[in-house]
Amino acid sequence: KTAAVILSFATAVISVGCVFSVAFMYSERFYTKSLEQIKEEKYEDILYKAANNIADAYSEQDTYRLKDYSTLYYTITDSESVETLFNTFENQKYIGKAFFFFIPIKAVYDENSTESENTEKAVNNIDITVYAAENYPLSYTSLFYLKASELLYPLRYGIIFIGFLSLLSFVLLLVFLFTAAGRRADGVVRLSSADKIPFDLLSVAVFLIAILSLRLLSENFGSMELVAVKGALIFSADYFIALFYIMSFATRIKTETLIKNNIIYKVLKFVGKNLKKFFRFIGFIFKNLSLVKKTLLVCAAVIAFDLLVFVFCMSSYLFEVFIVFAGVNALAILCIIILTVIQLQRIKKGGERIAEGDLEYKIDTSY
């Protein structure tokens, strides 16, 4: 059973990992693009700001800014003639590249002319290819994305198969664990010490733990590595708590103690037992009262109820509710009158039978 618990955790982790991986790859279109296209699109996001600064520097003919890049290389070409306008890339090693198209909005002067001969001229559209050098400072998010892409892309189809097998294994292991829940070495199903904890109390504790876990997961402070470790620890703890809760549920079902071993059930049972005794006592007293006393008691109860309803409805301005209760009250009085008439009719009939000489006749006074 212990081995099954550990294996179920392992298959659950693999299944969840495969699901998230497939969802990530599908959203990033791993199944329709090459790895080079995916990385190039990512580098477009990473290098866009730098490319935009390069385009501004070129538009202003700021040679100092154009040469002030130590962590990337680039090539500026004319979009129409494909002529190289500025170039710092000389086949150096790079980790990624991206292509950009810009339309300069500023005019420049001809740097080969004297100041008196300078005339403004429009700048053609330019293409900029930016290469990230090996020492380019990638953020943790970008680095994780690129490494994950390189790792997952060759496995994009195999992960689906692995995830399916892991999920199937996980389900089979859960079935085995539910079957073995509560079963001892002698084959008898018995409650453990933990299974004797009231189930409603256990449910509240598990619910509070789930709320606490969500609260901790929502607080993403610290580095990505710290957040990942925290998430893994919380997931692991929650899995074993959930598995214990479900197996305890299965054990209680087998031993037929799921309902009885609850604080709410015990409280309701205690209250119900005492209410039953109370009503039995009231019924015993009411049954042995004379008809006149029964009538007086019922009338007093009806009047007291009517008074309470009247005060409540008048203080809350619930006139419609008062009308409804008045109708119910009239119906209750009608029932009392009918029962009284029936009882009187029985007494009359019994008296007539006895008067006729049937001394063994018994009058039914059960009401």
# chains A, B, ... in the order shown; residues from 1 in each chain; ligands from 1
call {"tool": "residues_around", "arguments": {"residues": "Asn135 of chain A", "least_positions_apart": "4", "cutoff": "9 Å", "atoms": "only C-alpha atoms", "output": "list in words"}}
result
Ser70, Thr71, Leu72, Tyr94 and Ile95 of chain A
call {"tool": "residues_around", "arguments": {"residues": "Ile76 of chain A", "least_positions_apart": "6", "cutoff": "6 Å", "atoms": "only C-alpha atoms", "output": "list in words"}}
result
Thr84, Leu85, Phe86, Asp127 and Ile128 of chain A
call {"tool": "write_last_selection", "arguments": {"atoms": "N, CA and C atoms", "output": "PDB file, in the first residue's frame"}}
result
ATOM      1  N   THR A  84      23.422  47.419 -47.471  1.00  0.00           N
ATOM      2  CA  THR A  84      23.799  47.470 -46.057  1.00  0.00           C
ATOM      3  C   THR A  84      24.148  48.907 -45.684  1.00  0.00           C
ATOM      4  N   LEU A  85      23.413  49.455 -44.730  1.00  0.00           N
ATOM      5  CA  LEU A  85      23.607  50.843 -44.333  1.00  0.00           C
ATOM      6  C   LEU A  85      24.511  50.967 -43.111  1.00  0.00           C
ATOM      7  N   PHE A  86      24.429  50.017 -42.227  1.00  0.00           N
ATOM      8  CA  PHE A  86      25.274  50.019 -41.023  1.00  0.00           C
ATOM      9  C   PHE A  86      25.365  48.591 -40.527  1.00  0.00           C
ATOM     10  N   ASP A 127      15.433  47.736 -42.695  1.00  0.00           N
ATOM     11  CA  ASP A 127      15.318  46.437 -42.033  1.00  0.00           C
ATOM     12  C   ASP A 127      16.474  46.293 -41.073  1.00  0.00           C
ATOM     13  N   ILE A 128      16.185  45.824 -39.868  1.00  0.00           N
ATOM     14  CA  ILE A 128      17.235  45.650 -38.856  1.00  0.00           C
ATOM     15  C   ILE A 128      17.210  44.204 -38.381  1.00  0.00           C
TER      16      ILE A 128
END
call {"tool": "closest_atom_pairs", "arguments": {"of": "segment 244-293 of chain A", "to": "segment 199-212 of chain A", "cutoff": "12 Å", "atoms": "only C-alpha atoms", "output": "Markdown table"}}
result
| residue | atom | partner | partner_atom | distance |
| --- | --- | --- | --- | --- |
| A:Phe244 | CA | A:Val206 | CA | 10.1 |
| A:Tyr245 | CA | A:Val206 | CA | 7.8 |
| A:Ile246 | CA | A:Ser203 | CA | 10.4 |
| A:Ser248 | CA | A:Phe199 | CA | 8.7 |
| A:Phe249 | CA | A:Phe199 | CA | 8.1 |
| A:Ala250 | CA | A:Phe199 | CA | 11.6 |
| A:Thr251 | CA | A:Phe199 | CA | 11.4 |
| A:Arg252 | CA | A:Phe199 | CA | 8.9 |
| A:Ile253 | CA | A:Phe199 | CA | 11.3 |
| A:Thr257 | CA | A:Phe199 | CA | 9.3 |
| A:Leu258 | CA | A:Phe199 | CA | 6.9 |
| A:Ile259 | CA | A:Phe199 | CA | 8.1 |
| A:Lys260 | CA | A:Phe199 | CA | 9.1 |
| A:Asn261 | CA | A:Phe199 | CA | 6.3 |
| A:Asn262 | CA | A:Phe199 | CA | 5.4 |
| A:Ile263 | CA | A:Asp200 | CA | 6.7 |
| A:Ile264 | CA | A:Asp200 | CA | 7.5 |
| A:Tyr265 | CA | A:Asp200 | CA | 9.3 |
| A:Lys266 | CA | A:Asp200 | CA | 11.1 |
call {"tool": "closest_residue", "arguments": {"among": "A:Asn52, A:Lys93, A:Val82, A:Ile46", "to": "Pro137 of chain A", "atoms": "only C-alpha atoms"}}
result
A:Ile46
call {"tool": "atom_distance", "arguments": {"atom1": "atom CA of Ala4 of chain A", "atom2": "atom CA of Leu168 of chain A"}}
result
13.9 Å
call {"tool": "select_by_dssp", "arguments": {"residues": "segment 38-225 of chain A", "states": "strand (DSSP E)", "output": "mmCIF file with N, CA, C and O atoms, in the first residue's frame"}}
result
data_model
loop_
_atom_site.group_PDB
_atom_site.id
_atom_site.type_symbol
_atom_site.label_atom_id
_atom_site.label_comp_id
_atom_site.auth_asym_id
_atom_site.auth_seq_id
_atom_site.Cartn_x
_atom_site.Cartn_y
_atom_site.Cartn_z
ATOM 1 N N LEU A 72 25.047 42.961 -28.084
ATOM 2 C CA LEU A 72 24.328 42.536 -29.275
ATOM 3 C C LEU A 72 25.000 43.126 -30.510
ATOM 4 O O LEU A 72 25.756 44.086 -30.436
ATOM 5 N N TYR A 73 24.699 42.482 -31.635
ATOM 6 C CA TYR A 73 25.186 42.938 -32.933
ATOM 7 C C TYR A 73 23.965 43.148 -33.825
ATOM 8 O O TYR A 73 22.891 42.587 -33.583
ATOM 9 N N TYR A 74 24.158 43.922 -34.890
ATOM 10 C CA TYR A 74 23.008 44.173 -35.750
ATOM 11 C C TYR A 74 23.474 44.576 -37.145
ATOM 12 O O TYR A 74 24.628 44.984 -37.366
ATOM 13 N N THR A 75 22.561 44.444 -38.086
ATOM 14 C CA THR A 75 22.783 44.852 -39.463
ATOM 15 C C THR A 75 21.581 45.668 -39.917
ATOM 16 O O THR A 75 20.435 45.209 -39.788
ATOM 17 N N ILE A 76 21.847 46.879 -40.430
ATOM 18 C CA ILE A 76 20.792 47.743 -40.943
ATOM 19 C C ILE A 76 20.880 47.752 -42.464
ATOM 20 O O ILE A 76 21.945 48.049 -43.029
ATOM 21 N N THR A 77 19.800 47.404 -43.130
ATOM 22 C CA THR A 77 19.775 47.383 -44.598
ATOM 23 C C THR A 77 18.597 48.185 -45.102
ATOM 24 O O THR A 77 17.577 48.336 -44.414
ATOM 25 N N ASP A 78 18.760 48.706 -46.327
ATOM 26 C CA ASP A 78 17.672 49.429 -46.979
ATOM 27 C C ASP A 78 16.620 48.419 -47.443
ATOM 28 O O ASP A 78 16.943 47.411 -48.071
ATOM 29 N N THR A 84 23.422 47.419 -47.471
ATOM 30 C CA THR A 84 23.799 47.470 -46.057
ATOM 31 C C THR A 84 24.148 48.907 -45.684
ATOM 32 O O THR A 84 25.073 49.505 -46.266
ATOM 33 N N LEU A 85 23.413 49.455 -44.730
ATOM 34 C CA LEU A 85 23.607 50.843 -44.333
ATOM 35 C C LEU A 85 24.511 50.967 -43.111
ATOM 36 O O LEU A 85 25.251 51.946 -42.986
ATOM 37 N N PHE A 86 24.429 50.017 -42.227
ATOM 38 C CA PHE A 86 25.274 50.019 -41.023
ATOM 39 C C PHE A 86 25.365 48.591 -40.527
ATOM 40 O O PHE A 86 24.370 47.863 -40.514
ATOM 41 N N ASN A 87 26.558 48.194 -40.093
ATOM 42 C CA ASN A 87 26.732 46.790 -39.728
ATOM 43 C C ASN A 87 27.767 46.658 -38.614
ATOM 44 O O ASN A 87 28.857 47.237 -38.693
ATOM 45 N N TYR A 94 26.393 34.060 -31.527
ATOM 46 C CA TYR A 94 25.199 34.669 -30.930
ATOM 47 C C TYR A 94 24.248 33.574 -30.477
ATOM 48 O O TYR A 94 24.317 32.424 -30.947
ATOM 49 N N ILE A 95 23.342 33.914 -29.547
ATOM 50 C CA ILE A 95 22.399 32.933 -28.994
ATOM 51 C C ILE A 95 21.016 33.031 -29.621
ATOM 52 O O ILE A 95 20.183 32.131 -29.451
ATOM 53 N N GLY A 96 20.757 34.128 -30.327
ATOM 54 C CA GLY A 96 19.460 34.275 -30.974
ATOM 55 C C GLY A 96 19.417 35.540 -31.790
ATOM 56 O O GLY A 96 20.200 36.465 -31.576
ATOM 57 N N LYS A 97 18.501 35.575 -32.754
ATOM 58 C CA LYS A 97 18.383 36.762 -33.594
ATOM 59 C C LYS A 97 16.919 37.043 -33.882
ATOM 60 O O LYS A 97 16.052 36.184 -33.703
ATOM 61 N N ALA A 98 16.673 38.284 -34.343
ATOM 62 C CA ALA A 98 15.307 38.681 -34.691
ATOM 63 C C ALA A 98 15.384 39.737 -35.786
ATOM 64 O O ALA A 98 16.347 40.509 -35.875
ATOM 65 N N PHE A 99 14.335 39.735 -36.618
ATOM 66 C CA PHE A 99 14.274 40.647 -37.768
ATOM 67 C C PHE A 99 13.169 41.670 -37.527
ATOM 68 O O PHE A 99 12.061 41.319 -37.106
ATOM 69 N N PHE A 100 13.484 42.967 -37.822
ATOM 70 C CA PHE A 100 12.528 44.039 -37.587
ATOM 71 C C PHE A 100 12.457 44.952 -38.814
ATOM 72 O O PHE A 100 13.451 45.117 -39.550
ATOM 73 N N PHE A 101 11.292 45.547 -39.008
ATOM 74 C CA PHE A 101 11.064 46.508 -40.097
ATOM 75 C C PHE A 101 10.654 47.838 -39.485
ATOM 76 O O PHE A 101 9.743 47.895 -38.652
ATOM 77 N N PHE A 102 11.359 48.924 -39.869
ATOM 78 C CA PHE A 102 11.072 50.229 -39.296
ATOM 79 C C PHE A 102 10.878 51.261 -40.404
ATOM 80 O O PHE A 102 11.461 51.159 -41.497
ATOM 81 N N ILE A 126 13.803 50.863 -43.432
ATOM 82 C CA ILE A 126 14.984 50.048 -43.138
ATOM 83 C C ILE A 126 14.580 48.735 -42.479
ATOM 84 O O ILE A 126 13.536 48.622 -41.826
ATOM 85 N N ASP A 127 15.433 47.736 -42.695
ATOM 86 C CA ASP A 127 15.318 46.437 -42.033
ATOM 87 C C ASP A 127 16.474 46.293 -41.073
ATOM 88 O O ASP A 127 17.628 46.605 -41.424
ATOM 89 N N ILE A 128 16.185 45.824 -39.868
ATOM 90 C CA ILE A 128 17.235 45.650 -38.856
ATOM 91 C C ILE A 128 17.210 44.204 -38.381
ATOM 92 O O ILE A 128 16.179 43.711 -37.920
ATOM 93 N N THR A 129 18.341 43.555 -38.517
ATOM 94 C CA THR A 129 18.493 42.204 -37.972
ATOM 95 C C THR A 129 19.379 42.307 -36.740
ATOM 96 O O THR A 129 20.549 42.750 -36.835
ATOM 97 N N VAL A 130 18.822 41.933 -35.592
ATOM 98 C CA VAL A 130 19.539 42.063 -34.317
ATOM 99 C C VAL A 130 19.964 40.677 -33.850
ATOM 100 O O VAL A 130 19.165 39.732 -33.860
ATOM 101 N N TYR A 131 21.225 40.563 -33.417
ATOM 102 C CA TYR A 131 21.782 39.304 -32.921
ATOM 103 C C TYR A 131 22.136 39.485 -31.445
ATOM 104 O O TYR A 131 22.886 40.415 -31.095
ATOM 105 N N ALA A 132 21.593 38.613 -30.596
ATOM 106 C CA ALA A 132 21.918 38.668 -29.165
ATOM 107 C C ALA A 132 23.227 37.939 -28.928
ATOM 108 O O ALA A 132 23.366 36.755 -29.243
ATOM 109 N N ALA A 133 24.202 38.653 -28.385
ATOM 110 C CA ALA A 133 25.503 38.039 -28.118
ATOM 111 C C ALA A 133 25.399 37.009 -26.995
ATOM 112 O O ALA A 133 24.391 36.935 -26.279
#
call {"tool": "atom_distance", "arguments": {"atom1": "atom CA of Glu356 of chain A", "atom2": "atom CA of Thr340 of chain A"}}
result
24.4 Å
call {"tool": "residues_around", "arguments": {"residues": "Ala10 of chain A", "least_positions_apart": "5", "cutoff": "9 Å", "atoms": "only C-alpha atoms", "output": "list in words"}}
result
Val5, Ser15, Ser166 and Phe170 of chain A
call {"tool": "select_by_dssp", "arguments": {"residues": "segment 82-259 of chain A", "states": "alpha helix (DSSP H)", "output": "ChimeraX atom specification"}}
result
/A:140-152,158-180,199-218,224-255
call {"tool": "write_last_selection", "arguments": {"atoms": "C-alpha atoms", "output": "PDB file, in the first residue's frame"}}
result
ATOM      1  CA  TYR A 140      14.722  34.531 -15.840  1.00  0.00           C
ATOM      2  CA  THR A 141      11.367  34.341 -17.619  1.00  0.00           C
ATOM      3  CA  SER A 142      12.894  34.529 -21.079  1.00  0.00           C
ATOM      4  CA  LEU A 143      15.652  32.057 -20.202  1.00  0.00           C
ATOM      5  CA  PHE A 144      13.119  29.603 -18.779  1.00  0.00           C
ATOM      6  CA  TYR A 145      10.954  29.932 -21.889  1.00  0.00           C
ATOM      7  CA  LEU A 146      13.877  29.271 -24.248  1.00  0.00           C
ATOM      8  CA  LYS A 147      15.214  26.316 -22.236  1.00  0.00           C
ATOM      9  CA  ALA A 148      11.724  24.838 -21.931  1.00  0.00           C
ATOM     10  CA  SER A 149      11.202  25.215 -25.674  1.00  0.00           C
ATOM     11  CA  GLU A 150      14.457  23.418 -26.448  1.00  0.00           C
ATOM     12  CA  LEU A 151      13.566  20.629 -24.020  1.00  0.00           C
ATOM     13  CA  LEU A 152       9.898  20.152 -24.926  1.00  0.00           C
ATOM     14  CA  GLY A 158       5.729  11.853 -26.952  1.00  0.00           C
ATOM     15  CA  ILE A 159       4.503  13.909 -23.979  1.00  0.00           C
ATOM     16  CA  ILE A 160       0.884  13.278 -25.025  1.00  0.00           C
ATOM     17  CA  PHE A 161       1.477   9.510 -24.951  1.00  0.00           C
ATOM     18  CA  ILE A 162       3.411   9.703 -21.666  1.00  0.00           C
ATOM     19  CA  GLY A 163       0.685  11.817 -20.099  1.00  0.00           C
ATOM     20  CA  PHE A 164      -2.023   9.344 -21.167  1.00  0.00           C
ATOM     21  CA  LEU A 165      -0.123   6.368 -19.719  1.00  0.00           C
ATOM     22  CA  SER A 166       0.565   8.270 -16.489  1.00  0.00           C
ATOM     23  CA  LEU A 167      -3.072   9.268 -16.110  1.00  0.00           C
ATOM     24  CA  LEU A 168      -4.213   5.675 -16.730  1.00  0.00           C
ATOM     25  CA  SER A 169      -1.691   4.378 -14.179  1.00  0.00           C
ATOM     26  CA  PHE A 170      -2.811   7.014 -11.686  1.00  0.00           C
ATOM     27  CA  VAL A 171      -6.470   5.984 -12.015  1.00  0.00           C
ATOM     28  CA  LEU A 172      -5.618   2.281 -11.600  1.00  0.00           C
ATOM     29  CA  LEU A 173      -3.513   3.015  -8.518  1.00  0.00           C
ATOM     30  CA  LEU A 174      -6.347   5.051  -6.997  1.00  0.00           C
ATOM     31  CA  VAL A 175      -8.760   2.165  -7.576  1.00  0.00           C
ATOM     32  CA  PHE A 176      -6.326  -0.164  -5.816  1.00  0.00           C
ATOM     33  CA  LEU A 177      -5.885   2.235  -2.903  1.00  0.00           C
ATOM     34  CA  PHE A 178      -9.647   2.697  -2.496  1.00  0.00           C
ATOM     35  CA  THR A 179     -10.087  -1.076  -2.528  1.00  0.00           C
ATOM     36  CA  ALA A 180      -7.345  -1.542   0.076  1.00  0.00           C
ATOM     37  CA  PHE A 199     -15.688  13.368   9.409  1.00  0.00           C
ATOM     38  CA  ASP A 200     -17.220  16.840   9.461  1.00  0.00           C
ATOM     39  CA  LEU A 201     -14.346  18.092  11.630  1.00  0.00           C
ATOM     40  CA  LEU A 202     -11.865  16.469   9.237  1.00  0.00           C
ATOM     41  CA  SER A 203     -13.636  18.060   6.246  1.00  0.00           C
ATOM     42  CA  VAL A 204     -13.426  21.524   7.801  1.00  0.00           C
ATOM     43  CA  ALA A 205      -9.703  21.033   8.487  1.00  0.00           C
ATOM     44  CA  VAL A 206      -9.040  19.944   4.877  1.00  0.00           C
ATOM     45  CA  PHE A 207     -11.051  22.905   3.568  1.00  0.00           C
ATOM     46  CA  LEU A 208      -9.041  25.355   5.686  1.00  0.00           C
ATOM     47  CA  ILE A 209      -5.784  23.780   4.476  1.00  0.00           C
ATOM     48  CA  ALA A 210      -6.951  24.225   0.862  1.00  0.00           C
ATOM     49  CA  ILE A 211      -7.733  27.906   1.503  1.00  0.00           C
ATOM     50  CA  LEU A 212      -4.325  28.389   3.130  1.00  0.00           C
ATOM     51  CA  SER A 213      -2.595  26.702   0.178  1.00  0.00           C
ATOM     52  CA  LEU A 214      -4.332  28.981  -2.319  1.00  0.00           C
ATOM     53  CA  ARG A 215      -3.372  31.993  -0.213  1.00  0.00           C
ATOM     54  CA  LEU A 216       0.289  30.928  -0.150  1.00  0.00           C
ATOM     55  CA  LEU A 217       0.311  30.228  -3.896  1.00  0.00           C
ATOM     56  CA  SER A 218      -1.109  33.685  -4.628  1.00  0.00           C
ATOM     57  CA  MET A 224      11.257  32.236  -9.839  1.00  0.00           C
ATOM     58  CA  GLU A 225      13.214  29.344  -8.295  1.00  0.00           C
ATOM     59  CA  LEU A 226      11.786  30.118  -4.840  1.00  0.00           C
ATOM     60  CA  VAL A 227       8.243  30.345  -6.218  1.00  0.00           C
ATOM     61  CA  ALA A 228       8.701  27.015  -8.048  1.00  0.00           C
ATOM     62  CA  VAL A 229      10.021  25.270  -4.914  1.00  0.00           C
ATOM     63  CA  LYS A 230       7.184  26.704  -2.819  1.00  0.00           C
ATOM     64  CA  GLY A 231       4.586  25.564  -5.370  1.00  0.00           C
ATOM     65  CA  ALA A 232       6.078  22.054  -5.504  1.00  0.00           C
ATOM     66  CA  LEU A 233       6.074  21.718  -1.708  1.00  0.00           C
ATOM     67  CA  ILE A 234       2.487  22.940  -1.409  1.00  0.00           C
ATOM     68  CA  PHE A 235       1.312  20.629  -4.207  1.00  0.00           C
ATOM     69  CA  SER A 236       3.045  17.641  -2.590  1.00  0.00           C
ATOM     70  CA  ALA A 237       1.584  18.323   0.856  1.00  0.00           C
ATOM     71  CA  ASP A 238      -1.907  18.943  -0.531  1.00  0.00           C
ATOM     72  CA  TYR A 239      -1.793  15.744  -2.584  1.00  0.00           C
ATOM     73  CA  PHE A 240      -1.047  13.516   0.414  1.00  0.00           C
ATOM     74  CA  ILE A 241      -3.656  15.319   2.529  1.00  0.00           C
ATOM     75  CA  ALA A 242      -6.276  14.888  -0.220  1.00  0.00           C
ATOM     76  CA  LEU A 243      -5.337  11.217  -0.673  1.00  0.00           C
ATOM     77  CA  PHE A 244      -5.643  10.593   3.077  1.00  0.00           C
ATOM     78  CA  TYR A 245      -9.026  12.345   3.117  1.00  0.00           C
ATOM     79  CA  ILE A 246     -10.384  10.297   0.195  1.00  0.00           C
ATOM     80  CA  MET A 247      -9.080   6.993   1.585  1.00  0.00           C
ATOM     81  CA  SER A 248     -10.603   7.813   4.983  1.00  0.00           C
ATOM     82  CA  PHE A 249     -13.877   8.508   3.187  1.00  0.00           C
ATOM     83  CA  ALA A 250     -13.682   5.089   1.495  1.00  0.00           C
ATOM     84  CA  THR A 251     -12.922   3.351   4.808  1.00  0.00           C
ATOM     85  CA  ARG A 252     -15.907   4.998   6.519  1.00  0.00           C
ATOM     86  CA  ILE A 253     -18.154   3.948   3.645  1.00  0.00           C
ATOM     87  CA  LYS A 254     -16.999   0.332   4.040  1.00  0.00           C
ATOM     88  CA  THR A 255     -17.518   0.339   7.818  1.00  0.00           C
TER      89      THR A 255
END
call {"tool": "closest_residue", "arguments": {"among": "A:Phe9, A:Phe89, A:Tyr317, A:Phe20", "to": "Lys67 of chain A", "atoms": "only C-alpha atoms"}}
result
A:Phe89
call {"tool": "decode", "arguments": {"residues": "segment 46-55 of chain A", "atoms": "all heavy atoms", "output": "tab-separated table (two decimals), in the first residue's frame"}}
result
chain	number	residue	atom	x	y	z
A	46	ILE	N	12.13	39.89	-27.02
A	46	ILE	CA	13.25	40.25	-26.16
A	46	ILE	C	14.02	41.44	-26.72
A	46	ILE	O	14.42	42.36	-25.98
A	46	ILE	CB	14.20	39.04	-26.00
A	46	ILE	CG1	13.47	37.88	-25.29
A	46	ILE	CG2	15.45	39.42	-25.23
A	46	ILE	CD1	14.25	36.58	-25.27
A	47	LEU	N	14.23	41.46	-28.04
A	47	LEU	CA	15.13	42.44	-28.66
A	47	LEU	C	14.41	43.63	-29.29
A	47	LEU	O	15.07	44.49	-29.88
A	47	LEU	CB	15.97	41.74	-29.75
A	47	LEU	CG	16.85	40.58	-29.28
A	47	LEU	CD1	17.48	39.88	-30.47
A	47	LEU	CD2	17.92	41.07	-28.31
A	48	TYR	N	13.08	43.68	-29.15
A	48	TYR	CA	12.35	44.76	-29.82
A	48	TYR	C	12.78	46.14	-29.31
A	48	TYR	O	12.99	47.07	-30.09
A	48	TYR	CB	10.85	44.59	-29.62
A	48	TYR	CG	10.05	45.75	-30.19
A	48	TYR	CD1	9.84	45.87	-31.55
A	48	TYR	CD2	9.56	46.75	-29.35
A	48	TYR	CE1	9.14	46.93	-32.09
A	48	TYR	CE2	8.85	47.83	-29.87
A	48	TYR	CZ	8.65	47.92	-31.23
A	48	TYR	OH	7.97	48.98	-31.75
A	49	LYS	N	12.91	46.28	-28.00
A	49	LYS	CA	13.28	47.58	-27.44
A	49	LYS	C	14.64	48.04	-27.93
A	49	LYS	O	14.84	49.21	-28.31
A	49	LYS	CB	13.25	47.51	-25.91
A	49	LYS	CG	13.50	48.86	-25.25
A	49	LYS	CD	13.39	48.74	-23.73
A	49	LYS	CE	13.64	50.10	-23.07
A	49	LYS	NZ	13.52	50.01	-21.58
A	50	ALA	N	15.60	47.09	-27.96
A	50	ALA	CA	16.94	47.43	-28.45
A	50	ALA	C	16.90	47.81	-29.92
A	50	ALA	O	17.56	48.77	-30.35
A	50	ALA	CB	17.88	46.25	-28.23
A	51	ALA	N	16.11	47.07	-30.72
A	51	ALA	CA	15.99	47.39	-32.14
A	51	ALA	C	15.37	48.76	-32.35
A	51	ALA	O	15.77	49.51	-33.25
A	51	ALA	CB	15.16	46.30	-32.83
A	52	ASN	N	14.41	49.11	-31.54
A	52	ASN	CA	13.77	50.41	-31.64
A	52	ASN	C	14.76	51.54	-31.32
A	52	ASN	O	14.78	52.59	-31.99
A	52	ASN	CB	12.57	50.47	-30.69
A	52	ASN	CG	11.69	51.68	-30.96
A	52	ASN	OD1	11.18	51.87	-32.06
A	52	ASN	ND2	11.50	52.50	-29.94
A	53	ASN	N	15.62	51.32	-30.32
A	53	ASN	CA	16.64	52.31	-29.99
A	53	ASN	C	17.66	52.45	-31.13
A	53	ASN	O	18.13	53.55	-31.43
A	53	ASN	CB	17.36	51.91	-28.70
A	53	ASN	CG	16.45	52.03	-27.49
A	53	ASN	OD1	15.50	52.80	-27.49
A	53	ASN	ND2	16.73	51.24	-26.46
A	54	ILE	N	17.99	51.32	-31.74
A	54	ILE	CA	18.93	51.35	-32.87
A	54	ILE	C	18.33	52.14	-34.03
A	54	ILE	O	19.01	52.95	-34.68
A	54	ILE	CB	19.29	49.92	-33.31
A	54	ILE	CG1	20.10	49.23	-32.22
A	54	ILE	CG2	20.05	49.93	-34.63
A	54	ILE	CD1	20.31	47.75	-32.46
A	55	ALA	N	17.04	51.92	-34.33
A	55	ALA	CA	16.38	52.65	-35.41
A	55	ALA	C	16.36	54.15	-35.12
A	55	ALA	O	16.59	54.98	-36.03
A	55	ALA	CB	14.96	52.12	-35.58
